file protein32.cif (mmCIF, C-alpha atoms)
data_my_file
#
loop_
_atom_site.label_atom_id
_atom_site.label_comp_id
_atom_site.auth_asym_id
_atom_site.auth_seq_id
_atom_site.Cartn_x
_atom_site.Cartn_y
_atom_site.Cartn_z
CA MET A 1 -51.28 177.76 -174.01
CA LEU A 2 -51.70 177.54 -177.78
CA ASN A 3 -48.81 179.99 -178.27
CA PHE A 4 -46.70 177.86 -176.01
CA ILE A 5 -47.45 174.71 -178.04
CA LEU A 6 -46.80 176.48 -181.35
CA PHE A 7 -43.47 178.01 -180.32
CA THR A 8 -42.34 174.80 -178.65
CA THR A 9 -43.11 172.84 -181.83
CA ILE A 10 -41.27 175.37 -184.00
CA VAL A 11 -38.19 175.27 -181.77
CA ALA A 12 -38.05 171.57 -180.81
CA ALA A 13 -39.07 170.04 -184.15
CA GLY A 14 -37.00 172.60 -186.06
CA THR A 15 -33.82 171.88 -184.08
CA GLY A 16 -34.36 168.11 -184.17
CA GLY A 17 -34.95 168.30 -187.90
CA GLU A 18 -31.78 170.31 -188.51
CA LEU A 19 -29.70 167.87 -186.52
CA CYS A 20 -31.12 164.93 -188.52
CA VAL A 21 -30.52 166.70 -191.84
CA SER A 22 -27.01 167.67 -190.79
CA ARG A 23 -26.28 164.06 -189.92
CA ALA A 24 -27.74 162.82 -193.22
CA MET A 25 -25.64 165.26 -195.25
CA LYS A 26 -22.48 164.21 -193.44
CA ASN A 27 -23.27 160.64 -194.57
CA VAL A 28 -23.88 161.79 -198.14
CA GLY A 29 -20.57 163.59 -198.34
CA GLU A 30 -19.26 166.80 -199.78
CA ALA A 31 -20.68 168.48 -202.87
CA LYS A 32 -17.51 169.11 -204.87
CA SER A 33 -18.93 171.64 -207.29
CA PHE A 34 -22.15 173.52 -207.96
CA HIS A 35 -22.51 171.92 -211.36
CA PRO A 36 -26.19 170.92 -211.90
CA ALA A 37 -25.30 167.25 -212.43
CA GLU A 38 -23.28 167.20 -209.20
CA ILE A 39 -26.11 168.85 -207.28
CA ALA A 40 -28.58 166.31 -208.71
CA THR A 41 -26.34 163.43 -207.59
CA VAL A 42 -26.07 164.84 -204.07
CA VAL A 43 -29.85 165.38 -203.86
CA LEU A 44 -30.54 161.85 -205.11
CA ARG A 45 -28.16 160.39 -202.56
CA ALA A 46 -29.69 162.57 -199.84
CA ILE A 47 -33.24 161.30 -200.40
CA ARG A 48 -32.06 157.75 -199.81
CA GLU A 49 -30.92 158.67 -196.28
CA PRO A 50 -33.42 157.71 -193.52
CA TRP A 51 -32.04 160.56 -191.40
CA MET A 52 -33.04 162.94 -194.16
CA TRP A 53 -36.65 161.75 -194.02
CA ALA A 54 -36.79 161.98 -190.23
CA GLY A 55 -35.38 165.49 -190.48
CA VAL A 56 -37.80 166.53 -193.21
CA ALA A 57 -40.79 165.19 -191.23
CA MET A 58 -39.77 167.20 -188.18
CA MET A 59 -39.10 170.31 -190.22
CA ALA A 60 -42.54 169.96 -191.85
CA SER A 61 -44.20 169.93 -188.41
CA ALA A 62 -42.17 172.98 -187.46
CA PHE A 63 -43.25 174.63 -190.71
CA PHE A 64 -46.98 174.21 -190.04
CA ALA A 65 -46.53 175.49 -186.51
CA LEU A 66 -44.69 178.47 -187.99
CA LEU A 67 -47.61 179.17 -190.34
CA GLY A 68 -49.99 179.07 -187.37
CA ALA A 69 -47.81 181.48 -185.39
CA LEU A 70 -47.42 183.81 -188.38
CA SER A 71 -51.19 184.08 -188.72
CA MET A 72 -51.28 185.62 -185.26
CA TYR A 73 -48.06 187.60 -184.94
CA ASN A 74 -45.65 189.75 -186.97
CA VAL A 75 -42.81 188.11 -188.86
CA SER A 76 -40.29 190.34 -187.06
CA PHE A 77 -41.56 188.90 -183.77
CA VAL A 78 -41.96 185.21 -184.66
CA VAL A 79 -38.61 184.67 -186.40
CA PRO A 80 -36.41 186.07 -183.58
CA VAL A 81 -38.29 183.89 -181.08
CA THR A 82 -37.29 180.84 -183.14
CA ALA A 83 -33.70 181.66 -182.10
CA LEU A 84 -34.59 179.74 -178.93
CA SER A 85 -33.52 176.72 -180.99
CA TYR A 86 -29.92 177.51 -179.97
CA VAL A 87 -30.99 177.13 -176.36
CA ALA A 88 -32.80 173.89 -177.23
CA GLY A 89 -29.70 172.72 -179.11
CA ALA A 90 -27.45 173.26 -176.11
CA PHE A 91 -29.81 171.54 -173.69
CA GLY A 92 -30.59 168.77 -176.18
CA GLY A 93 -26.92 168.17 -176.90
CA ALA A 94 -26.13 168.01 -173.20
CA ALA A 95 -29.12 165.84 -172.27
CA PHE A 96 -29.45 163.41 -175.17
CA LEU A 97 -26.06 163.28 -176.90
CA GLY A 98 -23.94 163.56 -173.76
CA GLU A 99 -22.04 166.52 -175.22
CA ARG A 100 -20.01 168.61 -172.86
CA VAL A 101 -21.36 172.15 -173.16
CA THR A 102 -18.60 174.63 -172.34
CA ALA A 103 -19.04 177.67 -170.08
CA ARG A 104 -18.57 179.90 -173.09
CA ARG A 105 -21.38 178.19 -174.96
CA TRP A 106 -23.68 178.63 -171.96
CA ILE A 107 -22.83 182.36 -172.04
CA GLY A 108 -23.87 182.43 -175.71
CA VAL A 109 -27.06 180.55 -174.88
CA ALA A 110 -27.78 183.05 -172.08
CA LEU A 111 -27.28 185.95 -174.52
CA VAL A 112 -29.71 184.39 -177.02
CA THR A 113 -32.25 183.95 -174.19
CA ILE A 114 -31.82 187.58 -173.13
CA GLY A 115 -32.25 188.66 -176.75
CA VAL A 116 -35.46 186.67 -177.17
CA THR A 117 -36.75 188.11 -173.87
CA LEU A 118 -36.09 191.64 -175.18
CA VAL A 119 -37.93 190.78 -178.40
CA PHE A 120 -40.86 189.53 -176.29
CA PHE A 121 -41.01 192.73 -174.25
CA GLY A 122 -40.55 194.81 -177.41
CA LYS A 123 -43.80 193.30 -178.73
CA SER A 124 -46.07 196.27 -179.26
CA MET B 1 -24.29 179.79 -201.85
CA ILE B 2 -24.07 181.33 -198.37
CA LEU B 3 -25.50 184.58 -199.75
CA VAL B 4 -28.38 182.67 -201.36
CA MET B 5 -28.98 180.99 -198.00
CA VAL B 6 -29.00 184.25 -196.01
CA LEU B 7 -31.34 186.00 -198.47
CA ALA B 8 -33.75 183.23 -199.53
CA GLY B 9 -34.66 182.25 -195.95
CA PRO B 10 -35.81 185.72 -194.81
CA VAL B 11 -37.55 186.42 -198.15
CA GLY B 12 -39.44 183.15 -197.73
CA ASN B 13 -40.49 184.05 -194.19
CA ILE B 14 -41.66 187.47 -195.35
CA PHE B 15 -43.83 185.89 -198.06
CA LEU B 16 -45.28 183.46 -195.52
CA GLY B 17 -45.99 186.34 -193.17
CA MET B 18 -47.65 188.22 -195.99
CA GLY B 19 -49.77 185.20 -196.93
CA MET B 20 -50.78 184.32 -193.38
CA LYS B 21 -51.76 187.92 -192.61
CA SER B 22 -54.24 187.83 -195.46
CA VAL B 23 -55.69 184.54 -194.17
CA SER B 24 -56.46 186.00 -190.68
CA PRO B 25 -55.68 184.18 -187.42
CA VAL B 26 -56.01 180.41 -187.67
CA THR B 27 -58.54 178.83 -185.32
CA PHE B 28 -57.53 175.32 -184.35
CA TRP B 29 -60.88 174.21 -183.05
CA PRO B 30 -63.36 173.01 -184.36
CA PRO B 31 -61.43 170.98 -186.98
CA ALA B 32 -63.75 172.16 -189.77
CA GLN B 33 -62.52 175.68 -189.11
CA LEU B 34 -58.92 174.53 -189.30
CA ILE B 35 -59.55 172.77 -192.62
CA HIS B 36 -61.22 175.91 -193.93
CA SER B 37 -58.14 178.00 -192.99
CA GLY B 38 -55.93 175.30 -194.45
CA MET B 39 -57.71 175.53 -197.80
CA ARG B 40 -57.27 179.30 -197.87
CA VAL B 41 -53.56 178.91 -197.13
CA PHE B 42 -53.29 176.30 -199.87
CA VAL B 43 -54.58 178.63 -202.59
CA SER B 44 -52.58 181.66 -201.44
CA LEU B 45 -49.95 182.86 -203.93
CA PRO B 46 -47.59 184.49 -201.36
CA ILE B 47 -47.54 181.22 -199.42
CA TRP B 48 -46.35 179.31 -202.48
CA LEU B 49 -43.75 181.98 -203.27
CA GLY B 50 -42.63 181.71 -199.66
CA ILE B 51 -42.40 177.93 -199.90
CA LEU B 52 -40.39 178.26 -203.12
CA SER B 53 -37.97 180.67 -201.41
CA LEU B 54 -37.64 178.35 -198.43
CA ILE B 55 -36.93 175.38 -200.74
CA THR B 56 -34.19 177.48 -202.37
CA PHE B 57 -32.91 178.23 -198.89
CA PHE B 58 -33.06 174.57 -197.93
CA VAL B 59 -31.08 173.38 -200.99
CA ALA B 60 -28.46 176.10 -200.44
CA TYR B 61 -28.35 175.15 -196.76
CA MET B 62 -27.81 171.45 -197.55
CA LEU B 63 -25.04 172.24 -200.01
CA VAL B 64 -23.30 174.51 -197.49
CA LEU B 65 -23.66 171.90 -194.71
CA SER B 66 -22.05 169.27 -196.93
CA TRP B 67 -18.72 171.13 -196.81
CA ALA B 68 -19.00 173.45 -193.81
CA ASP B 69 -19.44 172.67 -190.12
CA TYR B 70 -22.79 173.26 -188.49
CA SER B 71 -20.98 175.49 -186.00
CA PHE B 72 -19.76 177.69 -188.85
CA VAL B 73 -23.14 177.81 -190.59
CA GLN B 74 -24.93 178.82 -187.36
CA PRO B 75 -23.42 182.30 -186.88
CA VAL B 76 -23.62 183.05 -190.58
CA SER B 77 -27.32 182.21 -190.68
CA SER B 78 -27.97 184.38 -187.61
CA VAL B 79 -27.61 187.35 -189.97
CA ALA B 80 -31.00 186.21 -191.25
CA TYR B 81 -32.71 187.43 -188.03
CA GLY B 82 -31.58 190.96 -188.86
CA VAL B 83 -32.63 190.58 -192.51
CA VAL B 84 -36.11 189.34 -191.50
CA ALA B 85 -36.69 192.30 -189.18
CA LEU B 86 -35.41 194.70 -191.82
CA LEU B 87 -37.66 193.24 -194.53
CA GLY B 88 -40.63 193.03 -192.13
CA TRP B 89 -40.18 196.73 -191.44
CA LEU B 90 -39.58 197.77 -195.08
CA VAL B 91 -41.92 195.41 -196.96
CA LEU B 92 -44.72 194.58 -194.52
CA GLY B 93 -44.63 197.89 -192.64
CA GLU B 94 -44.31 196.12 -189.29
CA LYS B 95 -43.44 198.35 -186.37
CA VAL B 96 -40.14 197.11 -184.98
CA SER B 97 -39.50 198.78 -181.63
CA ALA B 98 -36.04 199.80 -180.44
CA LEU B 99 -36.28 197.11 -177.79
CA ARG B 100 -36.89 194.47 -180.47
CA TRP B 101 -33.90 195.66 -182.52
CA ALA B 102 -31.82 195.45 -179.36
CA GLY B 103 -33.13 191.94 -178.75
CA ILE B 104 -32.21 190.87 -182.29
CA ALA B 105 -28.72 192.35 -181.87
CA VAL B 106 -28.25 190.45 -178.59
CA ILE B 107 -29.47 187.22 -180.27
CA CYS B 108 -26.88 187.64 -183.07
CA LEU B 109 -24.18 188.30 -180.44
CA GLY B 110 -25.28 185.19 -178.55
CA VAL B 111 -25.19 183.04 -181.69
CA PHE B 112 -21.70 184.39 -182.41
CA VAL B 113 -20.50 183.43 -178.93
CA VAL B 114 -22.12 179.97 -179.24
CA SER B 115 -20.38 179.38 -182.57
CA ARG B 116 -16.96 180.39 -181.22
CA THR B 117 -17.07 177.28 -179.06
CA GLY B 118 -17.77 175.04 -182.08
CA ALA B 119 -14.16 174.03 -182.74
CA GLN B 120 -13.73 172.77 -179.19
CA THR B 121 -16.87 170.66 -179.15
CA THR B 122 -16.23 169.07 -182.54
CA GLY B 123 -12.67 168.32 -181.41
CA ALA B 124 -14.04 166.59 -178.32
CA GLN B 125 -16.63 164.74 -180.39
CA ALA B 126 -14.04 163.48 -182.84
CA THR B 127 -12.27 161.51 -180.14
CA SER B 128 -15.43 159.96 -178.72
CA ARG B 129 -17.79 157.64 -180.49
CA PRO B 130 -20.86 159.40 -181.94
CA THR B 131 -23.84 158.62 -179.72
CA GLY B 132 -27.59 158.82 -179.93
CA GLY B 133 -29.94 158.13 -182.77
CA ASN B 134 -31.19 154.63 -182.07
CA GLY B 135 -34.30 155.79 -180.23
#
call {"tool": "encode", "arguments": {"input": "protein32.cif", "output": "structure tokens"}}
result
Amino acid sequence: MLNFILFTTIVAAGTGGELCVSRAMKNVGEAKSFHPAEIATVVLRAIREPWMWAGVAMMASAFFALLGALSMYNVSFVVPVTALSYVAGAFGGAAFLGERVTARRWIGVALVTIGVTLVFFGKS
Amino acid sequence: MILVMVLAGPVGNIFLGMGMKSVSPVTFWPPAQLIHSGMRVFVSLPIWLGILSLITFFVAYMLVLSWADYSFVQPVSSVAYGVVALLGWLVLGEKVSALRWAGIAVICLGVFVVSRTGAQTTGAQATSRPTGGNG
């Protein structure tokens, strides 16, 4: 049960956080160079985005759940399981954002699920 | 920047794994026990190195996302699953079974297939009004 809660938090909060951060960065706009001043400007603009804060909060929750999971299992087991976020992304996109998920994308999602299942059974 | 992203993420996870292994399994109840574990995590050097690596990863990731599509960044970052397993095996001496390697390979393949559909979905999104987010 605890494992279930931990992995669910890692996947759900992680994916939600990434989507929020992605949205925030699209609002901030493109970083035109990797000049330190330019990077500083982008970072300063990013921290004024509410979406950024929502994303960071979710990612922080996912991070603590990750630490909990890592204290119990190997890194090479925990990290592949977090790939379930692609599955969560597809379902979340379809359910909450009304995105049309193509057949091909479902095939990809199925492959990720199969991969994670193999990783689970390969747990020694 | 993409290279930084693909390397810093796994290195960070490896450090975290290293740190958390030395802390021993976290007990979540009673709360005093959790706070005790939390304090030990807080003073662990590998944990801080891991956090530093993950911050590096995060900055690189943000910079890449500012010019690249999420659907392009996804398959590229899936390489990180392979890197994590490789480092876990080499650095932490974790036993990675053949079945697990196969699983990781299938995950990467799946991420690749998912990303190939990216252009279509963004095209469809561009015509419709962006939804969600007022909840």
call {"tool": "residues_around", "arguments": {"input": "protein32.cif", "residues": "range 78-91 of chain A", "least_positions_apart": "4", "cutoff": "6 Å", "atoms": "all atoms listed in the file", "output": "PyMOL selection string"}}
result
(chain A and resi 11+15+95+109+116) or (chain B and resi 81)
call {"tool": "closest_residue", "arguments": {"input": "protein32.cif", "among": "A:Thr41, A:Thr113, A:Ser76, A:Thr8", "to": "Asn13 in chain B", "atoms": "only C-alpha atoms"}}
result
A:Ser76
call {"tool": "residues_near_point", "arguments": {"input": "protein32.cif", "point": "(-40.5, 195.5, -174.2)", "cutoff": "9 Å", "atoms": "only C-alpha atoms", "output": "ChimeraX atom specification"}}
result
/A:117-124 /B:97-100
call {"tool": "atom_distance", "arguments": {"input": "protein32.cif", "atom1": "CA of Val43 in chain B", "atom2": "CA of Val56 in chain A"}}
result
22.7 Å
call {"tool": "resolve_selection", "arguments": {"input": "protein32.cif", "expression": "the PyMOL selection byres ((chain B) within 7 of (chain A))", "output": "MDAnalysis selection string"}}
result
chainID B and resid 14 17 20:21 24:26 62:63 65:67 81 84:85 88 94 97 99:100 103:104 106:107 110:111 113:114 117 131:132
call {"tool": "closest_atom_pairs", "arguments": {"input": "protein32.cif", "of": "range 1-119 of chain B", "to": "range 59-62 of chain A", "cutoff": "12 Å", "atoms": "only C-alpha atoms", "output": "tab-separated table"}}
result
residue	atom	partner	partner_atom	distance
B:Ile51	CA	A:Ala60	CA	11.3
B:Leu54	CA	A:Met59	CA	11.6
B:Ile55	CA	A:Ala60	CA	11.8
B:Phe58	CA	A:Met59	CA	10.7
call {"tool": "residues_around", "arguments": {"input": "protein32.cif", "residues": "Ser77 in chain B", "least_positions_apart": "6", "cutoff": "10 Å", "atoms": "only C-alpha atoms", "output": "PDB file with C-alpha atoms, keeping the file's coordinate frame"}}
result
ATOM      1  CA  ILE B   2     -24.070 181.330-198.370  1.00  0.00           C
ATOM      2  CA  LEU B   3     -25.500 184.580-199.750  1.00  0.00           C
ATOM      3  CA  MET B   5     -28.980 180.990-198.000  1.00  0.00           C
ATOM      4  CA  VAL B   6     -29.000 184.250-196.010  1.00  0.00           C
ATOM      5  CA  LEU B   7     -31.340 186.000-198.470  1.00  0.00           C
ATOM      6  CA  GLY B   9     -34.660 182.250-195.950  1.00  0.00           C
ATOM      7  CA  TYR B  61     -28.350 175.150-196.760  1.00  0.00           C
ATOM      8  CA  CYS B 108     -26.880 187.640-183.070  1.00  0.00           C
ATOM      9  CA  VAL B 111     -25.190 183.040-181.690  1.00  0.00           C
TER      10      VAL B 111
END
call {"tool": "residues_around", "arguments": {"input": "protein32.cif", "residues": "Leu45 in chain B", "least_positions_apart": "3", "cutoff": "10 Å", "atoms": "only C-alpha atoms", "output": "JSON, numbers by chain"}}
result
{"B": [15, 16, 18, 19, 41, 42, 48, 49, 50, 51]}
call {"tool": "atom_distance", "arguments": {"input": "protein32.cif", "atom1": "CA of Met1 in chain B", "atom2": "CA of Ala37 in chain A"}}
result
16.4 Å
call {"tool": "residues_around", "arguments": {"input": "protein32.cif", "residues": "Ala13 in chain A", "least_positions_apart": "3", "cutoff": "6 Å", "atoms": "only C-alpha atoms", "output": "list in words"}}
result
Thr9, Ile10, Gly16, Gly17, Met58 and Ala62 of chain A
call {"tool": "atom_distance", "arguments": {"input": "protein32.cif", "atom1": "CA of Phe64 in chain A", "atom2": "CA of Glu49 in chain A"}}
result
23.2 Å
call {"tool": "decode", "arguments": {"input": "protein32.cif", "residues": "range 96-111 of chain A", "atoms": "N, CA, C and O atoms", "output": "PDB file, in the first residue's frame"}}
result
ATOM      1  N   PHE A  96      -8.284  15.273 -18.897  1.00  0.00           N
ATOM      2  CA  PHE A  96      -8.417  16.623 -18.355  1.00  0.00           C
ATOM      3  C   PHE A  96      -8.266  17.722 -19.401  1.00  0.00           C
ATOM      4  O   PHE A  96      -8.849  18.788 -19.289  1.00  0.00           O
ATOM      5  N   LEU A  97      -7.442  17.494 -20.424  1.00  0.00           N
ATOM      6  CA  LEU A  97      -7.208  18.547 -21.406  1.00  0.00           C
ATOM      7  C   LEU A  97      -8.000  18.323 -22.688  1.00  0.00           C
ATOM      8  O   LEU A  97      -7.948  19.120 -23.611  1.00  0.00           O
ATOM      9  N   GLY A  98      -8.731  17.191 -22.738  1.00  0.00           N
ATOM     10  CA  GLY A  98      -9.533  16.910 -23.919  1.00  0.00           C
ATOM     11  C   GLY A  98      -8.706  16.697 -25.166  1.00  0.00           C
ATOM     12  O   GLY A  98      -9.167  16.926 -26.289  1.00  0.00           O
ATOM     13  N   GLU A  99      -7.430  16.253 -24.989  1.00  0.00           N
ATOM     14  CA  GLU A  99      -6.582  15.987 -26.150  1.00  0.00           C
ATOM     15  C   GLU A  99      -7.021  14.695 -26.816  1.00  0.00           C
ATOM     16  O   GLU A  99      -7.442  13.755 -26.143  1.00  0.00           O
ATOM     17  N   ARG A 100      -6.895  14.673 -28.128  1.00  0.00           N
ATOM     18  CA  ARG A 100      -7.169  13.422 -28.829  1.00  0.00           C
ATOM     19  C   ARG A 100      -5.881  12.616 -28.851  1.00  0.00           C
ATOM     20  O   ARG A 100      -4.886  13.051 -29.419  1.00  0.00           O
ATOM     21  N   VAL A 101      -5.896  11.459 -28.195  1.00  0.00           N
ATOM     22  CA  VAL A 101      -4.706  10.613 -28.151  1.00  0.00           C
ATOM     23  C   VAL A 101      -4.791   9.630 -29.303  1.00  0.00           C
ATOM     24  O   VAL A 101      -5.732   8.843 -29.400  1.00  0.00           O
ATOM     25  N   THR A 102      -3.824   9.695 -30.224  1.00  0.00           N
ATOM     26  CA  THR A 102      -3.863   8.863 -31.419  1.00  0.00           C
ATOM     27  C   THR A 102      -3.562   7.402 -31.089  1.00  0.00           C
ATOM     28  O   THR A 102      -2.993   7.094 -30.048  1.00  0.00           O
ATOM     29  N   ALA A 103      -3.950   6.512 -32.031  1.00  0.00           N
ATOM     30  CA  ALA A 103      -3.729   5.077 -31.858  1.00  0.00           C
ATOM     31  C   ALA A 103      -2.244   4.813 -31.668  1.00  0.00           C
ATOM     32  O   ALA A 103      -1.836   4.001 -30.841  1.00  0.00           O
ATOM     33  N   ARG A 104      -1.430   5.537 -32.435  1.00  0.00           N
ATOM     34  CA  ARG A 104       0.004   5.328 -32.356  1.00  0.00           C
ATOM     35  C   ARG A 104       0.535   5.662 -30.956  1.00  0.00           C
ATOM     36  O   ARG A 104       1.394   4.980 -30.428  1.00  0.00           O
ATOM     37  N   ARG A 105       0.003   6.730 -30.387  1.00  0.00           N
ATOM     38  CA  ARG A 105       0.451   7.114 -29.055  1.00  0.00           C
ATOM     39  C   ARG A 105       0.048   6.065 -28.025  1.00  0.00           C
ATOM     40  O   ARG A 105       0.802   5.752 -27.118  1.00  0.00           O
ATOM     41  N   TRP A 106      -1.153   5.494 -28.192  1.00  0.00           N
ATOM     42  CA  TRP A 106      -1.571   4.425 -27.282  1.00  0.00           C
ATOM     43  C   TRP A 106      -0.638   3.236 -27.392  1.00  0.00           C
ATOM     44  O   TRP A 106      -0.345   2.564 -26.406  1.00  0.00           O
ATOM     45  N   ILE A 107      -0.162   2.952 -28.635  1.00  0.00           N
ATOM     46  CA  ILE A 107       0.792   1.843 -28.817  1.00  0.00           C
ATOM     47  C   ILE A 107       2.066   2.135 -28.012  1.00  0.00           C
ATOM     48  O   ILE A 107       2.586   1.279 -27.297  1.00  0.00           O
ATOM     49  N   GLY A 108       2.549   3.378 -28.103  1.00  0.00           N
ATOM     50  CA  GLY A 108       3.727   3.774 -27.342  1.00  0.00           C
ATOM     51  C   GLY A 108       3.504   3.626 -25.851  1.00  0.00           C
ATOM     52  O   GLY A 108       4.357   3.107 -25.124  1.00  0.00           O
ATOM     53  N   VAL A 109       2.321   4.065 -25.410  1.00  0.00           N
ATOM     54  CA  VAL A 109       1.967   3.967 -23.986  1.00  0.00           C
ATOM     55  C   VAL A 109       1.940   2.496 -23.549  1.00  0.00           C
ATOM     56  O   VAL A 109       2.441   2.146 -22.483  1.00  0.00           O
ATOM     57  N   ALA A 110       1.386   1.640 -24.431  1.00  0.00           N
ATOM     58  CA  ALA A 110       1.342   0.205 -24.120  1.00  0.00           C
ATOM     59  C   ALA A 110       2.761  -0.351 -23.998  1.00  0.00           C
ATOM     60  O   ALA A 110       3.053  -1.141 -23.083  1.00  0.00           O
ATOM     61  N   LEU A 111       3.654   0.068 -24.902  1.00  0.00           N
ATOM     62  CA  LEU A 111       5.046  -0.401 -24.851  1.00  0.00           C
ATOM     63  C   LEU A 111       5.715   0.010 -23.541  1.00  0.00           C
ATOM     64  O   LEU A 111       6.396  -0.790 -22.902  1.00  0.00           O
TER      65      LEU A 111
END
